[in-house]
Each structure stands twice: as C-alpha cells, then as structure tokens.
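Participant: Below you'll find work.txt; it's compact mmCIF, C-alpha atoms.
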# COMPACT_ATOMS: atom_id res chain seq x y z
CA MET A 1 -3.09 -22.18 -7.73
CA THR A 2 -2.50 -25.73 -8.84
CA ALA A 3 -2.15 -28.79 -6.65
CA SER A 4 0.78 -31.16 -6.91
CA THR A 5 0.10 -34.68 -8.02
CA GLN A 6 2.82 -36.34 -5.95
CA ARG A 7 4.10 -35.84 -2.45
CA GLY A 8 7.40 -34.04 -2.66
CA ALA A 9 6.72 -32.69 -6.14
CA GLU A 10 5.84 -29.22 -4.87
CA LYS A 11 7.38 -26.44 -6.94
CA ASN A 12 6.74 -23.50 -4.63
CA LEU A 13 5.49 -22.58 -1.16
CA ILE A 14 1.86 -22.38 -2.29
CA GLU A 15 1.95 -25.93 -3.61
CA LEU A 16 3.64 -27.04 -0.39
CA LEU A 17 0.86 -25.38 1.62
CA GLN A 18 -1.76 -27.14 -0.51
CA SER A 19 0.00 -30.47 0.14
CA ARG A 20 -0.06 -29.85 3.88
CA VAL A 21 -3.79 -29.15 3.73
CA LYS A 22 -4.34 -32.53 2.03
CA GLU A 23 -2.15 -34.33 4.59
CA ASN A 24 -3.88 -32.52 7.48
CA ARG A 25 -1.05 -33.22 9.91
CA GLY A 26 -1.71 -31.14 12.97
CA PRO A 27 -1.78 -27.36 13.23
CA ALA A 28 0.12 -25.16 10.80
CA ALA A 29 0.93 -22.55 13.41
CA ALA A 30 0.08 -21.19 16.81
CA HIS A 31 -0.16 -17.52 17.58
CA LYS A 32 -0.76 -15.52 20.69
CA THR A 33 -3.99 -13.59 21.13
CA ALA A 34 -5.42 -11.66 24.07
CA ALA A 35 -7.11 -14.91 25.11
CA GLY A 36 -3.90 -16.96 24.90
CA TRP A 37 -2.30 -19.21 22.30
CA VAL A 38 -4.50 -20.28 19.38
CA GLU A 39 -3.65 -23.02 16.92
CA VAL A 40 -4.39 -22.48 13.24
CA SER A 41 -4.98 -25.33 10.81
CA TRP A 42 -3.28 -25.68 7.43
CA ALA A 43 -6.70 -25.29 5.79
CA ALA A 44 -7.34 -22.02 7.63
CA VAL A 45 -3.96 -20.64 6.56
CA LEU A 46 -4.61 -21.66 2.95
CA GLU A 47 -8.06 -20.05 3.03
CA GLN A 48 -6.62 -16.78 4.37
CA VAL A 49 -3.86 -16.85 1.75
CA GLN A 50 -6.35 -17.48 -1.06
CA GLN A 51 -8.69 -14.72 0.11
CA LEU A 52 -5.93 -12.14 0.36
CA SER A 53 -4.35 -13.26 -2.91
CA ASN A 54 -7.70 -12.86 -4.67
CA ALA A 55 -8.11 -9.43 -3.07
CA LEU A 56 -4.66 -8.34 -4.25
CA VAL A 57 -5.44 -9.40 -7.81
CA GLY A 58 -8.83 -7.67 -7.53
CA TRP A 59 -7.05 -4.48 -6.42
CA GLY A 60 -4.98 -4.63 -9.61
CA VAL A 61 -1.75 -6.27 -8.43
CA GLN A 62 -0.05 -7.79 -11.48
CA PRO A 63 2.62 -10.50 -11.70
CA LYS A 64 6.00 -9.13 -10.59
CA ASP A 65 4.41 -6.08 -8.92
CA ARG A 66 6.00 -5.25 -5.60
CA VAL A 67 3.81 -5.33 -2.51
CA ALA A 68 5.22 -4.25 0.86
CA ILE A 69 4.41 -5.77 4.23
CA PHE A 70 4.84 -3.49 7.25
CA ALA A 71 4.13 -5.78 10.17
CA GLY A 72 5.55 -7.64 13.10
CA THR A 73 7.05 -11.07 12.53
CA THR A 74 3.87 -12.98 13.24
CA LEU A 75 1.34 -15.12 11.44
CA GLN A 76 -0.11 -11.81 10.21
CA TRP A 77 3.15 -11.38 8.26
CA LEU A 78 3.36 -14.91 6.91
CA VAL A 79 -0.16 -14.98 5.41
CA PRO A 80 0.33 -11.78 3.35
CA ASP A 81 3.77 -12.98 2.22
CA LEU A 82 2.26 -16.22 0.89
CA ALA A 83 -0.70 -14.32 -0.61
CA ILE A 84 1.64 -12.00 -2.50
CA SER A 85 3.48 -15.04 -3.81
CA ALA A 86 0.20 -16.69 -4.84
CA ALA A 87 -0.71 -13.49 -6.73
CA ARG A 88 2.71 -13.77 -8.43
CA GLY A 89 3.88 -10.56 -6.83
CA ILE A 90 7.13 -9.78 -5.07
CA THR A 91 7.19 -9.16 -1.31
CA VAL A 92 9.02 -6.10 -0.04
CA PRO A 93 9.50 -6.56 3.71
CA ILE A 94 9.60 -3.50 5.94
CA TYR A 95 10.91 -3.94 9.46
CA ALA A 96 8.30 -3.27 12.12
CA SER A 97 10.75 -0.78 13.67
CA ASN A 98 11.40 1.32 10.55
CA THR A 99 10.82 5.07 10.81
CA PRO A 100 8.51 6.99 8.44
CA ASP A 101 11.55 8.22 6.44
CA GLU A 102 12.88 4.68 6.08
CA VAL A 103 9.43 3.43 5.05
CA ALA A 104 9.15 6.20 2.43
CA TYR A 105 12.58 5.32 1.04
CA LEU A 106 11.75 1.61 0.78
CA LEU A 107 8.36 2.21 -0.84
CA ASN A 108 9.83 4.58 -3.42
CA ASP A 109 13.04 2.67 -4.11
CA ALA A 110 11.25 -0.65 -4.59
CA GLN A 111 8.43 0.95 -6.64
CA VAL A 112 5.81 -0.62 -4.38
CA VAL A 113 2.24 -0.70 -5.77
CA ALA A 114 0.53 -1.74 -2.52
CA LEU A 115 1.30 -1.70 1.19
CA LEU A 116 -0.15 -4.09 3.77
CA VAL A 117 0.02 -2.97 7.42
CA ASP A 118 -0.92 -5.14 10.41
CA ASP A 119 -2.01 -2.56 12.99
CA ASP A 120 -1.46 0.89 14.45
CA ARG A 121 -0.30 0.09 17.97
CA GLY A 122 2.50 2.36 19.04
CA ASP A 123 5.14 1.63 21.61
CA ALA A 124 7.33 3.72 23.89
CA ARG A 125 9.63 4.73 21.02
CA GLN A 126 7.40 5.15 17.95
CA SER A 127 3.86 5.65 16.77
CA GLY A 128 1.97 2.73 15.25
CA ARG A 129 2.87 1.27 11.86
CA LEU A 130 -0.23 2.60 10.09
CA THR A 131 0.55 6.09 11.37
CA ARG A 132 4.18 5.77 10.22
CA ALA A 133 3.02 4.50 6.81
CA ARG A 134 0.69 7.49 6.46
CA GLN A 135 3.54 9.82 7.42
CA ALA A 136 5.71 8.17 4.76
CA ARG A 137 3.07 8.73 2.11
Now, as a test, write the supplied structure out as structure tokens.

Facilitator:
Amino acid sequence: MTASTQRGAEKNLIELLQSRVKENRGPAAAHKTAAGWVEVSWAAVLEQVQQLSNALVGWGVQPKDRVAIFAGTTLQWLVPDLAISAARGITVPIYASNTPDEVAYLLNDAQVVALLVDDDRGDARQSGRLTRARQAR
C-alpha cells in the first residue's frame, strides 16, 4: 500500500484510509459488543486491514481473485472488504440471510477462491453462517 502525498489525492479506499490515519480525526467507527459500544480508531482499522490483507496474500490470493464475505453488515464486514481490496482481490458479498444452496451457487458462479465468515450464531430461522457455508461446500 502506498500513501498519498497530498490531501485529496487518494486514488482508492486504502489510500483514503491511510490519509485518515495521518489526520487522526476522531474514531473511524463504533461497534456494539457485549459490553456496549466501542469506538475504533482509524489506525486500528488500518492495522486490521493490513493484517488480513497480508494473510490473504499469504494464503495465495492473487490480484483479481474473488474472495467472498459471508457476514452481517458490521465492522467485521468492512475490514475484510478493505483487506480484499488491499490484496487487489475482488469482494463477493453474500447476504447474512442466504441459505446454503444460495451460498453454494454464489461461490461456484463467482469462482470464489476464499470465503471469510464472521461467526456461527444461528437465529430462529437458520443455522449459523459457518454451518451454512460448510453445508454449501
């Protein structure tokens, strides 16, 4: 990842994130935990993005490879999306409510090389996402 030299000269979301880290203007996000709302700094988001991006590349993800995210619309979705972008991959979003058959179709149709899942908590209607991903496999 390269840093921009001028404010406003960012070419992509990763460069924009790096600019926000340099500016250090308040929290990047807040997310709810069991203990309540927690603020996350721009630097913390960038660190998480870099770590996951490096892991994706280490796992063999190549530029333009498709990586799916099967997660709720939370910070745990945003970080992988940015990490996939930083690894020069293409994000394939899977709705948190998709069934195993729908997940299987999306993974096959998009020729996904990796799948990131946030958790395995079920609800009243469906089993958890990890379980559904395993059923789709």

Participant: With all atoms listed in the file as the basis for distance, which of A:Ala83, A:Leu130, A:Ala43, A:Ile90 is at the shortest distance from Ala55 of chain A?

Facilitator: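 Under the stated criterion, the closest residue is A:Ala83.
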
Participant: Could you check the closest approach to Asn12 of chain A for each of A:Ala124, A:Val57, A:Ala96, A:Ala86 and tell me which residue wins, using all atoms listed in the file?

Facilitator: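 For Asn12 of chain A, the nearest of the given residues is A:Ala86.
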
Participant: Give me, please, the distance in Å between atom CA of Arg137 of chain A and atom CA of Val49 of chain A, quoted to one decimal.

Facilitator: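 For atom CA of Arg137 of chain A relative to atom CA of Val49 of chain A, the distance reads 26.5 Å.
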
Participant: May I ask for the distance between atom CA of Gln48 of chain A and atom CA of Leu75 of chain A, given in Å to one decimal place?

Facilitator: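 These atoms are spaced 10.8 Å apart.
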
Participant: Between atom CA of Glu47 of chain A and atom CA of Glu23 of chain A, measure the distance and give it in Å to one decimal.

Facilitator: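 Going from atom CA of Glu47 of chain A over to atom CA of Glu23 of chain A covers 15.5 Å.
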
Participant: Which is closest to Ala133 of chain A among A:Ser19, A:Ser41, A:Asn54, A:Ser97, if we use all atoms listed in the file?

Facilitator: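 Between A:Ser19, A:Ser41, A:Asn54, A:Ser97, the residue approaching Ala133 of chain A most closely is A:Ser97.
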
Participant: Identify, on the basis of only C-alpha atoms, every residue whose closest approach to Ile94 of chain A does not exceed 9 Å; exclude the query and any residue fewer than 2 positions from it along the same chain; express the result as a list in words.

Facilitator: Ala68, Ile69, Phe70, Ala71, Val92, Ala96, Ser97, Asn98, Glu102, Val103, Leu106 and Leu107 of chain A

Participant: As a PDB file, in the coordinates of the input, could you write out segment 62-91 of chain A once it has been completed with N, CA and C atoms?

Facilitator:
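This went into selection-v4.pdb:
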ATOM      1  N   GLN A  62      -0.438  -6.979 -10.330  1.00  0.00           N
ATOM      2  CA  GLN A  62      -0.050  -7.790 -11.480  1.00  0.00           C
ATOM      3  C   GLN A  62       1.152  -8.655 -11.138  1.00  0.00           C
ATOM      4  N   PRO A  63       1.402  -9.722 -11.923  1.00  0.00           N
ATOM      5  CA  PRO A  63       2.620 -10.500 -11.700  1.00  0.00           C
ATOM      6  C   PRO A  63       3.857  -9.603 -11.713  1.00  0.00           C
ATOM      7  N   LYS A  64       4.736  -9.855 -10.791  1.00  0.00           N
ATOM      8  CA  LYS A  64       6.000  -9.130 -10.590  1.00  0.00           C
ATOM      9  C   LYS A  64       5.828  -7.744  -9.972  1.00  0.00           C
ATOM     10  N   ASP A  65       4.597  -7.323  -9.668  1.00  0.00           N
ATOM     11  CA  ASP A  65       4.410  -6.080  -8.920  1.00  0.00           C
ATOM     12  C   ASP A  65       4.965  -6.269  -7.518  1.00  0.00           C
ATOM     13  N   ARG A  66       5.450  -5.205  -6.952  1.00  0.00           N
ATOM     14  CA  ARG A  66       6.000  -5.250  -5.600  1.00  0.00           C
ATOM     15  C   ARG A  66       4.947  -4.786  -4.591  1.00  0.00           C
ATOM     16  N   VAL A  67       4.764  -5.619  -3.574  1.00  0.00           N
ATOM     17  CA  VAL A  67       3.810  -5.330  -2.510  1.00  0.00           C
ATOM     18  C   VAL A  67       4.577  -5.383  -1.192  1.00  0.00           C
ATOM     19  N   ALA A  68       4.488  -4.320  -0.406  1.00  0.00           N
ATOM     20  CA  ALA A  68       5.220  -4.250   0.860  1.00  0.00           C
ATOM     21  C   ALA A  68       4.368  -4.748   2.018  1.00  0.00           C
ATOM     22  N   ILE A  69       5.046  -5.348   2.984  1.00  0.00           N
ATOM     23  CA  ILE A  69       4.410  -5.770   4.230  1.00  0.00           C
ATOM     24  C   ILE A  69       5.112  -5.023   5.360  1.00  0.00           C
ATOM     25  N   PHE A  70       4.330  -4.248   6.110  1.00  0.00           N
ATOM     26  CA  PHE A  70       4.840  -3.490   7.250  1.00  0.00           C
ATOM     27  C   PHE A  70       4.144  -4.054   8.473  1.00  0.00           C
ATOM     28  N   ALA A  71       4.781  -5.038   9.096  1.00  0.00           N
ATOM     29  CA  ALA A  71       4.130  -5.780  10.170  1.00  0.00           C
ATOM     30  C   ALA A  71       5.169  -6.433  11.062  1.00  0.00           C
ATOM     31  N   GLY A  72       4.708  -6.862  12.215  1.00  0.00           N
ATOM     32  CA  GLY A  72       5.550  -7.640  13.100  1.00  0.00           C
ATOM     33  C   GLY A  72       5.766  -9.028  12.531  1.00  0.00           C
ATOM     34  N   THR A  73       6.774  -9.719  13.021  1.00  0.00           N
ATOM     35  CA  THR A  73       7.050 -11.070  12.530  1.00  0.00           C
ATOM     36  C   THR A  73       6.125 -12.054  13.233  1.00  0.00           C
ATOM     37  N   THR A  74       4.926 -12.141  12.690  1.00  0.00           N
ATOM     38  CA  THR A  74       3.870 -12.980  13.240  1.00  0.00           C
ATOM     39  C   THR A  74       3.182 -13.718  12.108  1.00  0.00           C
ATOM     40  N   LEU A  75       2.154 -14.463  12.454  1.00  0.00           N
ATOM     41  CA  LEU A  75       1.340 -15.120  11.440  1.00  0.00           C
ATOM     42  C   LEU A  75       0.725 -14.088  10.505  1.00  0.00           C
ATOM     43  N   GLN A  76       0.455 -12.873  11.028  1.00  0.00           N
ATOM     44  CA  GLN A  76      -0.110 -11.810  10.210  1.00  0.00           C
ATOM     45  C   GLN A  76       0.914 -11.263   9.207  1.00  0.00           C
ATOM     46  N   TRP A  77       2.147 -11.704   9.279  1.00  0.00           N
ATOM     47  CA  TRP A  77       3.150 -11.380   8.260  1.00  0.00           C
ATOM     48  C   TRP A  77       3.243 -12.527   7.268  1.00  0.00           C
ATOM     49  N   LEU A  78       3.205 -13.740   7.764  1.00  0.00           N
ATOM     50  CA  LEU A  78       3.360 -14.910   6.910  1.00  0.00           C
ATOM     51  C   LEU A  78       2.223 -15.034   5.887  1.00  0.00           C
ATOM     52  N   VAL A  79       0.988 -14.844   6.314  1.00  0.00           N
ATOM     53  CA  VAL A  79      -0.160 -14.980   5.410  1.00  0.00           C
ATOM     54  C   VAL A  79      -0.056 -13.983   4.247  1.00  0.00           C
ATOM     55  N   PRO A  80       0.180 -12.690   4.486  1.00  0.00           N
ATOM     56  CA  PRO A  80       0.330 -11.780   3.350  1.00  0.00           C
ATOM     57  C   PRO A  80       1.515 -12.133   2.442  1.00  0.00           C
ATOM     58  N   ASP A  81       2.615 -12.598   3.031  1.00  0.00           N
ATOM     59  CA  ASP A  81       3.770 -12.980   2.220  1.00  0.00           C
ATOM     60  C   ASP A  81       3.381 -14.103   1.251  1.00  0.00           C
ATOM     61  N   LEU A  82       2.699 -15.123   1.748  1.00  0.00           N
ATOM     62  CA  LEU A  82       2.260 -16.220   0.890  1.00  0.00           C
ATOM     63  C   LEU A  82       1.206 -15.751  -0.124  1.00  0.00           C
ATOM     64  N   ALA A  83       0.331 -14.838   0.299  1.00  0.00           N
ATOM     65  CA  ALA A  83      -0.700 -14.320  -0.610  1.00  0.00           C
ATOM     66  C   ALA A  83      -0.077 -13.526  -1.751  1.00  0.00           C
ATOM     67  N   ILE A  84       0.936 -12.751  -1.451  1.00  0.00           N
ATOM     68  CA  ILE A  84       1.640 -12.000  -2.500  1.00  0.00           C
ATOM     69  C   ILE A  84       2.277 -12.973  -3.480  1.00  0.00           C
ATOM     70  N   SER A  85       2.884 -14.013  -2.960  1.00  0.00           N
ATOM     71  CA  SER A  85       3.480 -15.040  -3.810  1.00  0.00           C
ATOM     72  C   SER A  85       2.414 -15.718  -4.686  1.00  0.00           C
ATOM     73  N   ALA A  86       1.278 -16.037  -4.091  1.00  0.00           N
ATOM     74  CA  ALA A  86       0.200 -16.690  -4.840  1.00  0.00           C
ATOM     75  C   ALA A  86      -0.338 -15.768  -5.943  1.00  0.00           C
ATOM     76  N   ALA A  87      -0.278 -14.452  -5.720  1.00  0.00           N
ATOM     77  CA  ALA A  87      -0.710 -13.490  -6.730  1.00  0.00           C
ATOM     78  C   ALA A  87       0.413 -13.215  -7.740  1.00  0.00           C
ATOM     79  N   ARG A  88       1.533 -13.888  -7.569  1.00  0.00           N
ATOM     80  CA  ARG A  88       2.710 -13.770  -8.430  1.00  0.00           C
ATOM     81  C   ARG A  88       3.398 -12.425  -8.305  1.00  0.00           C
ATOM     82  N   GLY A  89       3.207 -11.812  -7.123  1.00  0.00           N
ATOM     83  CA  GLY A  89       3.880 -10.560  -6.830  1.00  0.00           C
ATOM     84  C   GLY A  89       5.190 -10.807  -6.120  1.00  0.00           C
ATOM     85  N   ILE A  90       5.851  -9.725  -5.768  1.00  0.00           N
ATOM     86  CA  ILE A  90       7.130  -9.780  -5.070  1.00  0.00           C
ATOM     87  C   ILE A  90       6.966  -9.057  -3.731  1.00  0.00           C
ATOM     88  N   THR A  91       7.304  -9.735  -2.652  1.00  0.00           N
ATOM     89  CA  THR A  91       7.190  -9.160  -1.310  1.00  0.00           C
ATOM     90  C   THR A  91       8.365  -8.224  -1.030  1.00  0.00           C
TER      91      THR A  91
END
